[in-house]
Amino acid sequence: MNKDPHVQCWFCGKGIEKEDKNAVEVSIQNLWSDEDDPPKQYFWLHSVCALEKLQGKGPKFELDVFTDSR
């Protein structure tokens with residue numbers, strides 16, 4: 001198990017292993033900021049947690065966008 005406390009899943013709180021090749025990083029910033037480079041906060045998600053939790057009524061979250069071999 002990943003012992004680095006900074007690489008924990010935002011949703012489940014467990015460490016994210018490097019074997020989860022589809023794990024993602026999410027950055028959040030103020031949508032309407034007037035700054036050129038507004039402050040951001042970063043979160044990490046297991047691929048499974050991302051697929052389960054990032055589904056809304058709008059655009060669909062698609063994990064294969066990040067792993068599509070072109």
# chains A, B, ... in the order shown; residues from 1 in each chain; ligands from 1
$ select_by_dssp --residues "stretch 4-68 of chain A" --states "strand (DSSP E or B)" --output "ChimeraX atom specification"
/A:8-9,15,24-28,41-45
$ write_last_selection --atoms "N, CA, C and O atoms" --output "PDB file, in the first residue's frame"
ATOM      1  N   GLN A   8      -3.390  10.315  -1.504  1.00  0.00           N
ATOM      2  CA  GLN A   8      -4.561   9.594  -1.037  1.00  0.00           C
ATOM      3  C   GLN A   8      -5.745   9.969  -1.906  1.00  0.00           C
ATOM      4  O   GLN A   8      -5.865  11.113  -2.356  1.00  0.00           O
ATOM      5  N   CYS A   9      -6.620   9.026  -2.112  1.00  0.00           N
ATOM      6  CA  CYS A   9      -7.829   9.279  -2.894  1.00  0.00           C
ATOM      7  C   CYS A   9      -8.725  10.268  -2.163  1.00  0.00           C
ATOM      8  O   CYS A   9      -9.000  10.114  -0.967  1.00  0.00           O
ATOM      9  N   GLY A  15      -4.587   5.183   0.086  1.00  0.00           N
ATOM     10  CA  GLY A  15      -3.456   5.505  -0.764  1.00  0.00           C
ATOM     11  C   GLY A  15      -3.666   5.003  -2.191  1.00  0.00           C
ATOM     12  O   GLY A  15      -4.350   4.001  -2.409  1.00  0.00           O
ATOM     13  N   VAL A  24      -6.339   9.512 -11.483  1.00  0.00           N
ATOM     14  CA  VAL A  24      -6.335  10.866 -12.044  1.00  0.00           C
ATOM     15  C   VAL A  24      -6.055  11.922 -10.981  1.00  0.00           C
ATOM     16  O   VAL A  24      -6.248  11.689  -9.796  1.00  0.00           O
ATOM     17  N   GLU A  25      -5.609  13.075 -11.455  1.00  0.00           N
ATOM     18  CA  GLU A  25      -5.425  14.255 -10.620  1.00  0.00           C
ATOM     19  C   GLU A  25      -6.468  15.279 -11.042  1.00  0.00           C
ATOM     20  O   GLU A  25      -6.669  15.519 -12.234  1.00  0.00           O
ATOM     21  N   VAL A  26      -7.114  15.881 -10.070  1.00  0.00           N
ATOM     22  CA  VAL A  26      -8.128  16.902 -10.322  1.00  0.00           C
ATOM     23  C   VAL A  26      -7.625  18.205  -9.726  1.00  0.00           C
ATOM     24  O   VAL A  26      -7.165  18.228  -8.589  1.00  0.00           O
ATOM     25  N   SER A  27      -7.692  19.283 -10.490  1.00  0.00           N
ATOM     26  CA  SER A  27      -7.334  20.593  -9.947  1.00  0.00           C
ATOM     27  C   SER A  27      -8.586  21.461  -9.925  1.00  0.00           C
ATOM     28  O   SER A  27      -9.409  21.408 -10.838  1.00  0.00           O
ATOM     29  N   ILE A  28      -8.701  22.252  -8.874  1.00  0.00           N
ATOM     30  CA  ILE A  28      -9.863  23.117  -8.707  1.00  0.00           C
ATOM     31  C   ILE A  28      -9.383  24.538  -8.493  1.00  0.00           C
ATOM     32  O   ILE A  28      -8.441  24.784  -7.742  1.00  0.00           O
ATOM     33  N   GLN A  41      -6.106  24.032  -6.110  1.00  0.00           N
ATOM     34  CA  GLN A  41      -5.955  22.960  -5.146  1.00  0.00           C
ATOM     35  C   GLN A  41      -6.043  21.657  -5.925  1.00  0.00           C
ATOM     36  O   GLN A  41      -6.851  21.536  -6.850  1.00  0.00           O
ATOM     37  N   TYR A  42      -5.198  20.692  -5.566  1.00  0.00           N
ATOM     38  CA  TYR A  42      -5.127  19.429  -6.303  1.00  0.00           C
ATOM     39  C   TYR A  42      -5.635  18.285  -5.452  1.00  0.00           C
ATOM     40  O   TYR A  42      -5.389  18.240  -4.239  1.00  0.00           O
ATOM     41  N   PHE A  43      -6.326  17.359  -6.102  1.00  0.00           N
ATOM     42  CA  PHE A  43      -6.830  16.152  -5.465  1.00  0.00           C
ATOM     43  C   PHE A  43      -6.512  14.973  -6.376  1.00  0.00           C
ATOM     44  O   PHE A  43      -6.393  15.127  -7.586  1.00  0.00           O
ATOM     45  N   TRP A  44      -6.392  13.785  -5.784  1.00  0.00           N
ATOM     46  CA  TRP A  44      -6.090  12.577  -6.552  1.00  0.00           C
ATOM     47  C   TRP A  44      -7.200  11.566  -6.329  1.00  0.00           C
ATOM     48  O   TRP A  44      -7.818  11.527  -5.262  1.00  0.00           O
ATOM     49  N   LEU A  45      -7.453  10.771  -7.360  1.00  0.00           N
ATOM     50  CA  LEU A  45      -8.551   9.808  -7.304  1.00  0.00           C
ATOM     51  C   LEU A  45      -8.132   8.470  -7.889  1.00  0.00           C
ATOM     52  O   LEU A  45      -7.493   8.427  -8.942  1.00  0.00           O
TER      53      LEU A  45
END
$ closest_residue --among "A:Glu17, A:Ala23, A:Asp64, A:Pro38" --to "A:Ala50" --atoms "only C-alpha atoms"
A:Ala23
$ atom_distance --atom1 "atom CA of A:Leu63" --atom2 "atom CA of A:Leu51"
7.0 Å
$ select_by_dssp --residues "chain A" --states "alpha helix (DSSP H)" --output "list in words"
Ser47, Val48, Cys49, Ala50, Leu51, Glu52, Lys53, Asp64, Val65, Phe66 and Thr67 of chain A
$ write_last_selection --atoms "N, CA and C atoms" --output "short mmCIF file (atom, residue, chain, number, x, y, z; two decimals), in the first residue's frame"
data_model
loop_
_atom_site.label_atom_id
_atom_site.label_comp_id
_atom_site.auth_asym_id
_atom_site.auth_seq_id
_atom_site.Cartn_x
_atom_site.Cartn_y
_atom_site.Cartn_z
N SER A 47 -8.89 5.31 -10.10
CA SER A 47 -9.69 5.27 -11.32
C SER A 47 -11.12 4.81 -11.03
N VAL A 48 -11.28 3.83 -10.17
CA VAL A 48 -12.62 3.32 -9.84
C VAL A 48 -13.44 4.38 -9.13
N CYS A 49 -12.82 5.07 -8.17
CA CYS A 49 -13.54 6.13 -7.44
C CYS A 49 -13.95 7.27 -8.38
N ALA A 50 -13.07 7.61 -9.32
CA ALA A 50 -13.38 8.67 -10.28
C ALA A 50 -14.59 8.29 -11.12
N LEU A 51 -14.59 7.06 -11.61
CA LEU A 51 -15.72 6.62 -12.44
C LEU A 51 -17.02 6.56 -11.66
N GLU A 52 -16.94 6.17 -10.40
CA GLU A 52 -18.15 6.06 -9.58
C GLU A 52 -18.68 7.43 -9.15
N LYS A 53 -17.79 8.34 -8.82
CA LYS A 53 -18.21 9.59 -8.18
C LYS A 53 -18.31 10.80 -9.09
N ASP A 64 -11.27 6.90 -20.24
CA ASP A 64 -10.44 6.47 -21.38
C ASP A 64 -9.83 7.66 -22.14
N VAL A 65 -10.30 8.86 -21.90
CA VAL A 65 -9.70 10.06 -22.52
C VAL A 65 -8.23 10.17 -22.12
N PHE A 66 -7.91 9.76 -20.88
CA PHE A 66 -6.56 9.89 -20.36
C PHE A 66 -5.65 8.72 -20.73
N THR A 67 -6.23 7.61 -21.15
CA THR A 67 -5.43 6.42 -21.41
C THR A 67 -5.50 5.98 -22.87
#
$ closest_residue --among "A:Lys60, A:Asp34, A:His46, A:Gln55" --to "A:Glu19" --atoms "only C-alpha atoms"
A:His46
$ atom_distance --atom1 "atom CA of A:Gly56" --atom2 "atom CA of A:Asn22"
19.9 Å
$ decode --residues "stretch 20-42 of chain A" --atoms "N, CA, C and O atoms" --output "CSV table (one decimal), in the first residue's frame"
chain,number,residue,atom,x,y,z
A,20,ASP,N,-2.3,1.5,-10.3
A,20,ASP,CA,-3.6,2.1,-10.8
A,20,ASP,C,-3.2,3.1,-11.9
A,20,ASP,O,-3.2,4.3,-11.6
A,21,LYS,N,-2.9,2.6,-13.0
A,21,LYS,CA,-2.4,3.5,-14.1
A,21,LYS,C,-3.4,4.5,-14.6
A,21,LYS,O,-3.1,5.4,-15.3
A,22,ASN,N,-4.7,4.3,-14.3
A,22,ASN,CA,-5.7,5.2,-14.7
A,22,ASN,C,-6.2,6.2,-13.6
A,22,ASN,O,-7.2,6.9,-13.8
A,23,ALA,N,-5.4,6.2,-12.5
A,23,ALA,CA,-5.7,7.2,-11.4
A,23,ALA,C,-5.6,8.6,-12.0
A,23,ALA,O,-4.8,8.8,-13.0
A,24,VAL,N,-6.3,9.5,-11.5
A,24,VAL,CA,-6.3,10.9,-12.0
A,24,VAL,C,-6.1,11.9,-11.0
A,24,VAL,O,-6.2,11.7,-9.8
A,25,GLU,N,-5.6,13.1,-11.5
A,25,GLU,CA,-5.4,14.3,-10.6
A,25,GLU,C,-6.5,15.3,-11.0
A,25,GLU,O,-6.7,15.5,-12.2
A,26,VAL,N,-7.1,15.9,-10.1
A,26,VAL,CA,-8.1,16.9,-10.3
A,26,VAL,C,-7.6,18.2,-9.7
A,26,VAL,O,-7.2,18.2,-8.6
A,27,SER,N,-7.7,19.3,-10.5
A,27,SER,CA,-7.3,20.6,-9.9
A,27,SER,C,-8.6,21.5,-9.9
A,27,SER,O,-9.4,21.4,-10.8
A,28,ILE,N,-8.7,22.3,-8.9
A,28,ILE,CA,-9.9,23.1,-8.7
A,28,ILE,C,-9.4,24.5,-8.5
A,28,ILE,O,-8.4,24.8,-7.7
A,29,GLN,N,-10.0,25.5,-9.2
A,29,GLN,CA,-9.7,26.9,-9.0
A,29,GLN,C,-11.0,27.7,-9.2
A,29,GLN,O,-12.0,27.1,-9.6
A,30,ASN,N,-11.0,28.9,-8.7
A,30,ASN,CA,-12.1,29.8,-8.8
A,30,ASN,C,-12.5,30.0,-10.3
A,30,ASN,O,-11.6,30.4,-11.1
A,31,LEU,N,-13.7,29.7,-10.7
A,31,LEU,CA,-14.1,29.8,-12.1
A,31,LEU,C,-14.1,31.3,-12.6
A,31,LEU,O,-13.7,31.5,-13.7
A,32,TRP,N,-14.4,32.2,-11.8
A,32,TRP,CA,-14.5,33.6,-12.2
A,32,TRP,C,-13.3,34.5,-11.8
A,32,TRP,O,-13.4,35.7,-11.7
A,33,SER,N,-12.2,33.9,-11.4
A,33,SER,CA,-11.1,34.7,-10.9
A,33,SER,C,-10.5,35.6,-12.0
A,33,SER,O,-10.5,35.3,-13.2
A,34,ASP,N,-10.1,36.8,-11.6
A,34,ASP,CA,-9.5,37.8,-12.5
A,34,ASP,C,-8.0,37.6,-12.6
A,34,ASP,O,-7.4,38.3,-13.4
A,35,GLU,N,-7.4,36.7,-11.8
A,35,GLU,CA,-6.0,36.5,-11.8
A,35,GLU,C,-5.6,35.7,-13.1
A,35,GLU,O,-6.3,34.9,-13.5
A,36,ASP,N,-4.4,36.0,-13.6
A,36,ASP,CA,-3.9,35.3,-14.8
A,36,ASP,C,-3.6,33.8,-14.4
A,36,ASP,O,-3.8,32.9,-15.2
A,37,ASP,N,-3.1,33.6,-13.2
A,37,ASP,CA,-2.8,32.2,-12.8
A,37,ASP,C,-3.4,32.1,-11.4
A,37,ASP,O,-2.7,32.2,-10.4
A,38,PRO,N,-4.7,31.8,-11.3
A,38,PRO,CA,-5.3,31.8,-9.9
A,38,PRO,C,-4.8,30.6,-9.1
A,38,PRO,O,-4.4,29.6,-9.7
A,39,PRO,N,-4.9,30.7,-7.8
A,39,PRO,CA,-4.5,29.5,-7.0
A,39,PRO,C,-5.3,28.3,-7.3
A,39,PRO,O,-6.5,28.4,-7.6
A,40,LYS,N,-4.7,27.1,-7.2
A,40,LYS,CA,-5.4,25.9,-7.4
A,40,LYS,C,-5.2,24.9,-6.3
A,40,LYS,O,-4.2,25.0,-5.5
A,41,GLN,N,-6.1,24.0,-6.1
A,41,GLN,CA,-6.0,23.0,-5.1
A,41,GLN,C,-6.0,21.7,-5.9
A,41,GLN,O,-6.9,21.5,-6.9
A,42,TYR,N,-5.2,20.7,-5.6
A,42,TYR,CA,-5.1,19.4,-6.3
A,42,TYR,C,-5.6,18.3,-5.5
A,42,TYR,O,-5.4,18.2,-4.2
